[in-house]
file input.cif (mmCIF, C-alpha atoms)
data_work
loop_
_atom_site.label_atom_id
_atom_site.label_comp_id
_atom_site.auth_asym_id
_atom_site.auth_seq_id
_atom_site.Cartn_x
_atom_site.Cartn_y
_atom_site.Cartn_z
CA MET A 3 -3.02 3.44 -37.94
CA ALA A 4 -0.69 6.41 -38.44
CA SER A 5 2.94 6.33 -37.45
CA LEU A 6 3.89 8.15 -34.27
CA PRO A 7 6.26 11.16 -34.57
CA VAL A 8 9.31 10.16 -32.54
CA GLY A 9 12.14 12.65 -32.26
CA TYR A 10 15.70 12.69 -30.98
CA ALA A 11 16.48 14.27 -27.59
CA ALA A 12 19.86 16.00 -27.84
CA MET A 13 21.12 16.12 -24.28
CA LEU A 14 23.72 18.86 -24.39
CA GLU A 15 25.00 17.86 -20.95
CA GLN A 16 26.57 14.76 -22.51
CA PHE A 17 27.92 15.64 -25.95
CA PRO A 18 30.02 18.49 -27.35
CA PRO A 19 27.92 20.78 -29.55
CA ALA A 20 29.35 19.67 -32.90
CA GLU A 21 28.81 16.02 -31.99
CA ALA A 22 25.26 16.73 -30.79
CA VAL A 23 24.50 18.31 -34.16
CA GLU A 24 25.97 15.35 -36.03
CA LEU A 25 23.94 12.91 -33.95
CA ALA A 26 20.72 14.85 -34.51
CA ALA A 27 21.30 14.82 -38.26
CA TYR A 28 22.13 11.12 -38.19
CA ALA A 29 18.97 10.36 -36.20
CA GLU A 30 16.83 12.15 -38.79
CA SER A 31 18.52 10.26 -41.60
CA ARG A 32 17.48 7.02 -39.91
CA GLY A 33 13.84 7.96 -39.38
CA PHE A 34 13.65 10.11 -36.23
CA ARG A 35 11.46 13.19 -36.69
CA GLY A 36 12.37 16.36 -34.83
CA VAL A 37 14.88 17.38 -32.17
CA SER A 38 14.45 18.48 -28.58
CA ALA A 39 17.58 20.02 -27.03
CA SER A 40 18.24 20.53 -23.32
CA ASP A 41 19.26 23.89 -21.90
CA HIS A 42 21.77 23.61 -19.05
CA PHE A 43 24.54 25.83 -17.75
CA GLN A 44 26.10 22.84 -15.98
CA PRO A 45 25.77 19.07 -16.44
CA TRP A 46 23.95 17.07 -13.78
CA VAL A 47 27.13 15.18 -12.88
CA PRO A 48 30.75 15.85 -13.88
CA ALA A 49 30.93 12.58 -15.87
CA GLN A 50 28.46 14.01 -18.40
CA GLY A 51 31.05 16.66 -19.14
CA GLN A 52 29.28 19.30 -21.29
CA SER A 53 26.74 22.15 -21.31
CA SER A 54 26.70 24.16 -24.52
CA PHE A 55 24.38 27.09 -25.31
CA VAL A 56 21.15 25.66 -26.64
CA TRP A 57 20.30 28.43 -29.13
CA ASN A 58 23.58 28.05 -31.02
CA VAL A 59 23.14 24.30 -31.18
CA LEU A 60 19.50 24.46 -32.31
CA THR A 61 20.45 26.79 -35.16
CA ALA A 62 23.11 24.37 -36.34
CA VAL A 63 20.69 21.45 -35.95
CA ALA A 64 18.09 23.30 -38.02
CA GLU A 65 20.63 23.76 -40.82
CA ARG A 66 21.33 20.02 -40.90
CA THR A 67 17.76 18.71 -40.49
CA SER A 68 14.23 19.40 -41.72
CA GLY A 69 12.04 18.47 -38.73
CA ASP A 70 10.79 20.41 -35.73
CA ILE A 71 13.27 21.93 -33.25
CA GLY A 72 12.63 23.01 -29.69
CA THR A 73 14.07 23.70 -26.26
CA GLY A 74 13.46 20.87 -23.87
CA VAL A 75 13.48 23.05 -21.78
CA THR A 76 14.71 26.58 -21.17
CA ALA A 77 14.03 28.61 -18.02
CA PRO A 78 12.97 32.20 -18.86
CA THR A 79 13.12 33.20 -15.25
CA TYR A 80 16.57 33.76 -13.71
CA ARG A 81 19.74 33.69 -15.80
CA THR A 82 17.80 34.83 -18.88
CA HIS A 83 15.03 37.45 -18.89
CA PRO A 84 11.86 36.28 -20.65
CA ALA A 85 12.12 39.10 -23.21
CA VAL A 86 15.51 37.77 -24.30
CA VAL A 87 14.14 34.22 -24.51
CA ALA A 88 11.27 35.57 -26.63
CA GLN A 89 13.76 37.28 -28.96
CA ALA A 90 15.86 34.13 -29.34
CA SER A 91 12.78 32.01 -29.99
CA ALA A 92 11.22 34.45 -32.47
CA THR A 93 14.50 34.68 -34.38
CA LEU A 94 14.78 30.90 -34.67
CA ALA A 95 11.14 30.67 -35.78
CA ALA A 96 11.69 33.40 -38.38
CA MET A 97 14.73 31.58 -39.78
CA TYR A 98 13.00 28.18 -39.89
CA PRO A 99 9.27 28.82 -40.43
CA GLY A 100 6.87 26.32 -38.93
CA ARG A 101 9.58 24.24 -37.28
CA HIS A 102 10.33 25.81 -33.90
CA TRP A 103 8.51 25.36 -30.60
CA LEU A 104 9.52 26.96 -27.29
CA GLY A 105 9.65 24.67 -24.26
CA VAL A 106 9.90 26.51 -20.93
CA GLY A 107 10.23 25.43 -17.32
CA SER A 108 10.71 26.83 -13.83
CA GLY A 109 14.38 25.82 -13.75
CA GLU A 110 16.78 24.23 -11.30
CA ALA A 111 19.29 25.86 -8.99
CA LEU A 112 21.99 23.84 -10.77
CA ASN A 113 21.69 26.21 -13.73
CA GLU A 114 19.95 29.31 -12.44
CA HIS A 115 21.87 30.07 -9.23
CA ILE A 116 24.96 31.04 -11.24
CA VAL A 117 23.70 34.63 -11.59
CA GLY A 118 23.63 34.97 -7.81
CA GLN A 119 19.94 35.62 -7.23
CA TYR A 120 17.93 34.34 -4.29
CA TRP A 121 16.58 30.87 -5.06
CA PRO A 122 12.96 30.73 -3.85
CA GLU A 123 10.64 27.88 -2.95
CA ALA A 124 8.74 25.96 -5.64
CA PRO A 125 5.46 27.96 -5.55
CA GLU A 126 7.27 31.20 -6.26
CA ARG A 127 9.34 29.60 -9.03
CA ILE A 128 6.16 28.35 -10.71
CA ASN A 129 4.43 31.72 -10.38
CA ARG A 130 7.51 33.34 -11.86
CA LEU A 131 7.38 30.89 -14.78
CA PHE A 132 3.77 31.70 -15.61
CA GLU A 133 4.44 35.42 -15.44
CA ALA A 134 7.30 34.82 -17.88
CA VAL A 135 4.90 32.94 -20.18
CA GLU A 136 2.50 35.90 -19.95
CA LEU A 137 5.28 38.34 -20.88
CA ILE A 138 6.54 36.19 -23.76
CA THR A 139 3.03 35.73 -25.14
CA LYS A 140 2.31 39.44 -24.84
CA LEU A 141 5.55 40.24 -26.67
CA PHE A 142 4.82 37.71 -29.43
CA GLN A 143 1.27 38.99 -29.95
CA GLY A 144 2.13 42.68 -29.82
CA SER A 145 5.12 42.33 -32.09
CA ARG A 146 3.10 40.33 -34.61
CA ALA A 147 0.53 43.14 -34.63
CA GLY A 148 3.26 45.75 -35.12
CA ARG A 149 2.89 47.51 -31.78
CA ASP A 150 4.99 48.04 -28.68
CA VAL A 151 4.08 46.37 -25.40
CA LYS A 152 5.26 46.71 -21.83
CA HIS A 153 5.04 44.67 -18.67
CA SER A 154 5.13 45.45 -14.97
CA GLY A 155 4.47 42.42 -12.81
CA THR A 156 5.42 40.81 -9.54
CA HIS A 157 8.66 39.35 -10.86
CA PHE A 158 9.48 41.06 -14.17
CA ARG A 159 9.54 44.48 -15.75
CA MET A 160 9.80 45.26 -19.45
CA GLU A 161 9.80 48.79 -20.84
CA SER A 162 7.76 49.59 -23.95
CA THR A 163 9.21 47.64 -26.88
CA ARG A 164 8.56 45.01 -29.52
CA LEU A 165 10.41 42.22 -31.31
CA TRP A 166 11.45 43.65 -34.64
CA THR A 167 12.19 40.20 -36.06
CA MET A 168 9.08 38.03 -35.92
CA PRO A 169 7.89 34.96 -37.84
CA ASP A 170 4.51 34.95 -39.58
CA ALA A 171 3.17 32.84 -36.69
CA PRO A 172 4.62 32.88 -33.15
CA PRO A 173 6.18 29.62 -32.01
CA PRO A 174 4.01 27.48 -29.71
CA VAL A 175 4.89 27.83 -26.03
CA LEU A 176 4.93 24.53 -24.10
CA VAL A 177 5.27 24.42 -20.31
CA ALA A 178 7.33 21.66 -18.69
CA THR A 179 5.80 20.11 -15.60
CA ALA A 180 5.41 16.91 -13.62
CA GLY A 181 2.62 18.25 -11.40
CA PRO A 182 -1.14 18.25 -12.02
CA VAL A 183 -1.77 21.80 -10.75
CA THR A 184 0.91 23.25 -13.02
CA ALA A 185 -0.38 21.13 -15.91
CA ARG A 186 -3.82 22.68 -15.52
CA ARG A 187 -2.31 26.17 -15.46
CA ALA A 188 -0.34 25.28 -18.60
CA GLY A 189 -3.57 24.36 -20.35
CA ARG A 190 -5.09 27.72 -19.41
CA SER A 191 -2.19 29.93 -20.45
CA ALA A 192 0.12 28.10 -22.88
CA ASP A 193 -0.10 25.97 -26.02
CA GLY A 194 0.62 22.67 -24.29
CA LEU A 195 2.94 20.82 -21.97
CA ILE A 196 6.13 18.81 -21.88
CA THR A 197 6.74 16.12 -19.32
CA VAL A 198 9.21 13.30 -18.79
CA GLY A 199 8.76 9.57 -18.45
CA ALA A 200 6.95 8.55 -15.27
CA PRO A 201 4.45 5.86 -14.31
CA VAL A 202 1.79 5.73 -17.01
CA ASP A 203 -1.07 6.64 -14.68
CA LYS A 204 0.78 9.79 -13.59
CA VAL A 205 1.36 10.90 -17.19
CA ALA A 206 -2.28 10.16 -17.99
CA GLY A 207 -3.28 12.44 -15.12
CA LEU A 208 -1.08 15.26 -16.41
CA PHE A 209 -2.56 14.96 -19.89
CA ALA A 210 -6.08 15.10 -18.42
CA ARG A 211 -5.26 18.19 -16.36
CA VAL A 212 -3.77 20.14 -19.28
CA ASP A 213 -6.89 19.30 -21.31
CA ASP A 214 -9.05 20.54 -18.42
CA GLY A 215 -7.17 23.82 -18.27
CA ALA A 216 -7.47 24.44 -22.00
CA ARG A 217 -11.22 23.78 -21.92
CA GLU A 218 -11.70 26.11 -18.98
CA ALA A 219 -9.91 28.91 -20.83
CA GLY A 220 -11.58 28.22 -24.17
CA ARG A 221 -8.22 27.50 -25.78
CA PRO A 222 -7.51 25.00 -28.57
CA ALA A 223 -6.60 21.43 -27.66
CA PRO A 224 -3.13 21.57 -26.07
CA THR A 225 -0.06 19.87 -27.51
CA LYS A 226 1.27 17.03 -25.35
CA VAL A 227 4.97 16.26 -25.58
CA LEU A 228 6.96 13.56 -23.79
CA ARG A 229 10.69 13.18 -23.35
CA LEU A 230 11.56 9.61 -22.48
CA HIS A 231 14.88 8.58 -20.98
CA LEU A 232 15.99 5.02 -21.69
CA SER A 233 19.10 2.91 -21.65
CA TRP A 234 19.68 0.44 -24.47
CA ALA A 235 22.88 -1.57 -24.96
CA PRO A 236 23.69 -5.01 -26.42
CA THR A 237 23.32 -6.57 -22.94
CA ASP A 238 21.17 -5.75 -19.93
CA GLU A 239 24.32 -5.42 -17.83
CA GLU A 240 25.78 -2.78 -20.17
CA ALA A 241 22.48 -0.91 -20.28
CA LEU A 242 22.30 -0.75 -16.48
CA ALA A 243 25.93 0.27 -16.17
CA ALA A 244 25.37 3.11 -18.63
CA ALA A 245 22.36 4.37 -16.66
CA LEU A 246 24.27 4.34 -13.37
CA ARG A 247 27.34 5.98 -14.88
CA GLU A 248 25.87 8.47 -17.34
CA TRP A 249 22.41 9.34 -16.01
CA PRO A 250 22.17 8.64 -12.25
CA ASN A 251 19.99 11.74 -11.91
CA GLY A 252 17.28 9.70 -13.61
CA GLY A 253 17.16 7.42 -10.57
CA MET A 254 17.11 10.13 -7.91
CA ARG A 255 13.69 9.84 -6.28
CA PHE A 256 13.71 13.15 -4.44
CA PRO A 257 13.37 16.82 -5.40
CA ARG A 258 16.47 18.01 -7.23
CA SER A 259 15.65 21.63 -7.97
CA ASP A 260 17.60 23.04 -5.01
CA ILE A 261 20.92 21.27 -5.64
CA ARG A 262 23.52 23.67 -6.98
CA SER A 263 26.58 21.73 -8.05
CA PRO A 264 27.36 18.77 -10.32
CA TYR A 265 29.71 17.60 -7.59
CA GLU A 266 26.85 17.45 -5.09
CA PHE A 267 24.88 15.38 -7.60
CA GLU A 268 27.94 13.15 -7.99
CA GLN A 269 27.91 12.38 -4.27
CA LEU A 270 24.15 11.74 -4.28
CA ALA A 271 24.57 9.44 -7.28
CA LYS A 272 26.39 6.98 -5.05
CA LEU A 273 23.05 6.30 -3.34
CA VAL A 274 21.23 5.37 -6.56
CA ARG A 275 20.35 1.69 -6.92
CA PRO A 276 19.12 -0.18 -10.03
CA GLU A 277 15.56 -0.38 -8.73
CA ASP A 278 15.45 3.42 -8.43
CA PHE A 279 15.11 3.67 -12.21
CA ASP A 280 11.85 1.68 -12.26
CA GLY A 281 9.07 3.68 -13.90
CA ARG A 282 11.50 6.47 -14.82
CA VAL A 283 14.13 5.02 -17.17
CA VAL A 284 13.52 1.87 -19.23
CA ILE A 285 16.70 -0.24 -19.04
CA SER A 286 16.91 -3.22 -21.37
CA SER A 287 18.84 -4.79 -24.24
CA ASP A 288 15.57 -5.91 -25.84
CA PRO A 289 14.22 -3.39 -28.37
CA ASP A 290 10.74 -4.81 -27.95
CA VAL A 291 10.73 -3.94 -24.25
CA HIS A 292 11.44 -0.35 -25.22
CA ARG A 293 8.86 -0.42 -28.01
CA ALA A 294 6.15 -1.61 -25.62
CA ALA A 295 7.03 1.09 -23.08
CA ILE A 296 6.98 3.85 -25.70
CA GLN A 297 3.70 2.57 -27.13
CA ARG A 298 2.04 2.74 -23.71
CA TYR A 299 2.79 6.46 -23.58
CA ALA A 300 1.69 6.95 -27.18
CA ASP A 301 -1.64 5.33 -26.33
CA LEU A 302 -2.24 8.06 -23.74
CA GLY A 303 -2.44 10.62 -26.55
CA ALA A 304 1.06 12.05 -26.75
CA ASP A 305 1.44 14.20 -29.86
CA ARG A 306 5.21 13.84 -30.01
CA ILE A 307 7.78 11.79 -28.13
CA TYR A 308 11.52 12.51 -27.99
CA LEU A 309 13.84 9.68 -27.00
CA HIS A 310 17.06 10.00 -25.02
CA ASN A 311 19.33 6.99 -24.79
CA VAL A 312 21.51 7.74 -21.78
CA GLY A 313 24.56 5.84 -23.02
CA ARG A 314 27.38 7.02 -25.27
CA ASN A 315 26.48 4.40 -27.90
CA GLN A 316 24.27 6.83 -29.80
CA ARG A 317 24.74 5.71 -33.40
CA GLU A 318 24.40 2.04 -32.53
CA TRP A 319 21.24 2.78 -30.57
CA ILE A 320 19.80 4.95 -33.35
CA ASP A 321 20.37 2.15 -35.88
CA VAL A 322 18.72 -0.48 -33.69
CA PHE A 323 15.68 1.66 -32.90
CA ALA A 324 15.32 2.79 -36.51
CA ARG A 325 15.12 -0.85 -37.56
CA ASP A 326 13.30 -2.53 -34.66
CA VAL A 327 11.30 0.11 -32.77
CA LEU A 328 10.21 3.19 -34.75
CA PRO A 329 8.43 1.31 -37.58
CA LYS A 330 6.28 -0.58 -35.05
CA LEU A 331 5.01 2.46 -33.13
CA VAL A 332 1.50 3.69 -33.95
CA ARG A 333 -0.89 6.38 -32.71
#
call {"tool": "encode", "arguments": {"input": "input.cif", "output": "structure tokens"}}
result
Amino acid sequence: MASLPVGYAAMLEQFPPAEAVELAAYAESRGFRGVSASDHFQPWVPAQGQSSFVWNVLTAVAERTSGDIGTGVTAPTYRTHPAVVAQASATLAAMYPGRHWLGVGSGEALNEHIVGQYWPEAPERINRLFEAVELITKLFQGSRAGRDVKHSGTHFRMESTRLWTMPDAPPPVLVATAGPVTARRAGRSADGLITVGAPVDKVAGLFARVDDGAREAGRPAPTKVLRLHLSWAPTDEEALAAALREWPNGGMRFPRSDIRSPYEFEQLAKLVRPEDFDGRVVISSDPDVHRAAIQRYADLGADRIYLHNVGRNQREWIDVFARDVLPKLVR
């Protein structure tokens, strides 16, 4: 059995950029492989306290590590035009060949409303995302071929241009989703999908739908990426307290895409109860409980998994998982 690639999820809502870079490098030194970095303009709740610019941080991470690096995820739809996202991604891929993947999503009002645009309903946001993927792919392909391209669609316009800095191979584009319809569309139009921890049967369904979409479009087998949120601490009580304090958004069992302020999330966090994390965030002091949970997702066919421990005890957690969890995971 081969070992499973398990990476470090750098949640930039929680740690200053220099510390996030240090933690990513430390995780790799202890056996983690690859880094996924979140892209937020604001943290979910004020207690998290940060939100640095993901492209700066990924560049610094790439200088300190040797594994894959990707956005988990960026929204090429509102505060950043997809052409600019394509330029940032192509530049990173040119600087670090073969290491960068581009994770994209439809976004949340928390981050995207800051530019003052109308915030539409979910179907329009998803359609906008897939048009952005179309534009980015068109720009990657045209630029690689040395020709200008343009785009005039429902949501975006781009005048005739190309990316003058391009890697030998465009970075893979992965679509973030938790819905089966969007997963199928991702399989038809992108290189794979990213999703977060959820009940195993739901994740299995998403993986099946992205495979269906790729087959329908005659595309290669899609890449399947998971980001798992967990809370480990020396005691169960400390692990639960960290989840409630640092990552209450993980226990919010309702749509969150329309909420605009960390302070609104802070008020909603008061309603979160321990049982709300079930099936969404593994909370335990026992490394083997975490290992078993991660292995269940690996058995579904995940190509890569990135772990996020919600607490501030990052180095302690990295050491424990490097010793007691990572070596026992197989694919």
call {"tool": "closest_atom_pairs", "arguments": {"input": "input.cif", "of": "segment 100-141 of chain A", "to": "segment 243-264 of chain A", "cutoff": "10 Å", "atoms": "all atoms listed in the file", "output": "JSON lines"}}
result
{"residue": "A:Ser108", "atom": "CA", "partner": "A:Ser259", "partner_atom": "CA", "distance": 9.3}
{"residue": "A:Gly109", "atom": "CA", "partner": "A:Ser259", "partner_atom": "CA", "distance": 7.3}
{"residue": "A:Glu110", "atom": "CA", "partner": "A:Ser259", "partner_atom": "CA", "distance": 4.4}
{"residue": "A:Ala111", "atom": "CA", "partner": "A:Asp260", "partner_atom": "CA", "distance": 5.2}
{"residue": "A:Leu112", "atom": "CA", "partner": "A:Arg262", "partner_atom": "CA", "distance": 4.1}
{"residue": "A:Asn113", "atom": "CA", "partner": "A:Arg262", "partner_atom": "CA", "distance": 7.4}
{"residue": "A:Glu114", "atom": "CA", "partner": "A:Arg262", "partner_atom": "CA", "distance": 8.6}
{"residue": "A:His115", "atom": "CA", "partner": "A:Arg262", "partner_atom": "CA", "distance": 7.0}
{"residue": "A:Ile116", "atom": "CA", "partner": "A:Arg262", "partner_atom": "CA", "distance": 8.6}
{"residue": "A:Trp121", "atom": "CA", "partner": "A:Asp260", "partner_atom": "CA", "distance": 7.9}
{"residue": "A:Pro122", "atom": "CA", "partner": "A:Asp260", "partner_atom": "CA", "distance": 9.1}
{"residue": "A:Glu123", "atom": "CA", "partner": "A:Asp260", "partner_atom": "CA", "distance": 8.7}
{"residue": "A:Ala124", "atom": "CA", "partner": "A:Ser259", "partner_atom": "CA", "distance": 8.5}
call {"tool": "axis_aligned_box", "arguments": {"input": "input.cif", "around": "segment 7-18 of chain A", "padding_each_side": "4 Å", "output": "JSON"}}
result
{"center_x": 18.1, "center_y": 14.5, "center_z": -27.8, "size_x": 31.8, "size_y": 16.7, "size_z": 21.6}
call {"tool": "atom_distance", "arguments": {"input": "input.cif", "atom1": "atom CA of His310 of chain A", "atom2": "atom CA of Leu94 of chain A"}}
result
23.1 Å
call {"tool": "closest_residue", "arguments": {"input": "input.cif", "among": "A:Glu218, A:Trp57, A:Gln52, A:Gly9", "to": "Glu21 of chain A", "atoms": "all atoms listed in the file"}}
result
A:Gln52
call {"tool": "closest_residue", "arguments": {"input": "input.cif", "among": "A:Lys272, A:His102, A:Arg130, A:Arg186", "to": "Val63 of chain A", "atoms": "only C-alpha atoms"}}
result
A:His102
call {"tool": "residues_near_point", "arguments": {"input": "input.cif", "point": "(16.1, -0.1, -12.5)", "cutoff": "10 Å", "atoms": "only C-alpha atoms", "output": "MDAnalysis selection string"}}
result
chainID A and resid 242 245:246 252:253 274:286
call {"tool": "write_last_selection", "arguments": {"input": "input.cif", "atoms": "C-alpha atoms", "output": "PDB file, in the frame of the given file"}}
result
ATOM      1  CA  LEU A 242      22.300  -0.750 -16.480  1.00  0.00           C
ATOM      2  CA  ALA A 245      22.360   4.370 -16.660  1.00  0.00           C
ATOM      3  CA  LEU A 246      24.270   4.340 -13.370  1.00  0.00           C
ATOM      4  CA  GLY A 252      17.280   9.700 -13.610  1.00  0.00           C
ATOM      5  CA  GLY A 253      17.160   7.420 -10.570  1.00  0.00           C
ATOM      6  CA  VAL A 274      21.230   5.370  -6.560  1.00  0.00           C
ATOM      7  CA  ARG A 275      20.350   1.690  -6.920  1.00  0.00           C
ATOM      8  CA  PRO A 276      19.120  -0.180 -10.030  1.00  0.00           C
ATOM      9  CA  GLU A 277      15.560  -0.380  -8.730  1.00  0.00           C
ATOM     10  CA  ASP A 278      15.450   3.420  -8.430  1.00  0.00           C
ATOM     11  CA  PHE A 279      15.110   3.670 -12.210  1.00  0.00           C
ATOM     12  CA  ASP A 280      11.850   1.680 -12.260  1.00  0.00           C
ATOM     13  CA  GLY A 281       9.070   3.680 -13.900  1.00  0.00           C
ATOM     14  CA  ARG A 282      11.500   6.470 -14.820  1.00  0.00           C
ATOM     15  CA  VAL A 283      14.130   5.020 -17.170  1.00  0.00           C
ATOM     16  CA  VAL A 284      13.520   1.870 -19.230  1.00  0.00           C
ATOM     17  CA  ILE A 285      16.700  -0.240 -19.040  1.00  0.00           C
ATOM     18  CA  SER A 286      16.910  -3.220 -21.370  1.00  0.00           C
TER      19      SER A 286
END
call {"tool": "resolve_selection", "arguments": {"input": "input.cif", "expression": "the PyMOL selection byres ((chain A and resi 304) around 12)", "output": "number ranges by chain"}}
result
A: 6-8, 194-199, 202, 205-206, 208-210, 224-230, 296-303, 305-308, 332-333
call {"tool": "atom_distance", "arguments": {"input": "input.cif", "atom1": "atom CA of Pro182 of chain A", "atom2": "atom CA of Ile128 of chain A"}}
result
12.5 Å
call {"tool": "residues_around", "arguments": {"input": "input.cif", "residues": "Glu240 of chain A", "least_positions_apart": "6", "cutoff": "9 Å", "atoms": "all atoms listed in the file", "output": "MDAnalysis selection string"}}
result
chainID A and resid 233:234 286:287
call {"tool": "resolve_selection", "arguments": {"input": "input.cif", "expression": "the PyMOL selection byres ((chain A and resi 312-327) around 8)", "output": "mmCIF file with C-alpha atoms, in the frame of the given file"}}
result
data_model
loop_
_atom_site.group_PDB
_atom_site.id
_atom_site.type_symbol
_atom_site.label_atom_id
_atom_site.label_comp_id
_atom_site.auth_asym_id
_atom_site.auth_seq_id
_atom_site.Cartn_x
_atom_site.Cartn_y
_atom_site.Cartn_z
ATOM 1 C CA LEU A 25 23.940 12.910 -33.950
ATOM 2 C CA TYR A 28 22.130 11.120 -38.190
ATOM 3 C CA ALA A 29 18.970 10.360 -36.200
ATOM 4 C CA ARG A 32 17.480 7.020 -39.910
ATOM 5 C CA GLY A 33 13.840 7.960 -39.380
ATOM 6 C CA PHE A 34 13.650 10.110 -36.230
ATOM 7 C CA HIS A 231 14.880 8.580 -20.980
ATOM 8 C CA LEU A 232 15.990 5.020 -21.690
ATOM 9 C CA SER A 233 19.100 2.910 -21.650
ATOM 10 C CA TRP A 234 19.680 0.440 -24.470
ATOM 11 C CA ALA A 235 22.880 -1.570 -24.960
ATOM 12 C CA ALA A 241 22.480 -0.910 -20.280
ATOM 13 C CA ALA A 244 25.370 3.110 -18.630
ATOM 14 C CA ALA A 245 22.360 4.370 -16.660
ATOM 15 C CA GLU A 248 25.870 8.470 -17.340
ATOM 16 C CA TRP A 249 22.410 9.340 -16.010
ATOM 17 C CA PRO A 289 14.220 -3.390 -28.370
ATOM 18 C CA ASP A 290 10.740 -4.810 -27.950
ATOM 19 C CA HIS A 292 11.440 -0.350 -25.220
ATOM 20 C CA ARG A 293 8.860 -0.420 -28.010
ATOM 21 C CA HIS A 310 17.060 10.000 -25.020
ATOM 22 C CA ASN A 311 19.330 6.990 -24.790
ATOM 23 C CA LEU A 328 10.210 3.190 -34.750
ATOM 24 C CA PRO A 329 8.430 1.310 -37.580
ATOM 25 C CA LYS A 330 6.280 -0.580 -35.050
ATOM 26 C CA LEU A 331 5.010 2.460 -33.130
#
call {"tool": "resolve_selection", "arguments": {"input": "input.cif", "expression": "the PyMOL selection byres ((chain A and resi 98) around 10)", "output": "list of chain:residue names"}}
result
A:Thr61, A:Ala64, A:Glu65, A:Ser68, A:Gly69, A:Asp70, A:Ile71, A:Ala92, A:Thr93, A:Leu94, A:Ala95, A:Ala96, A:Met97, A:Pro99, A:Gly100, A:Arg101, A:His102, A:Pro169
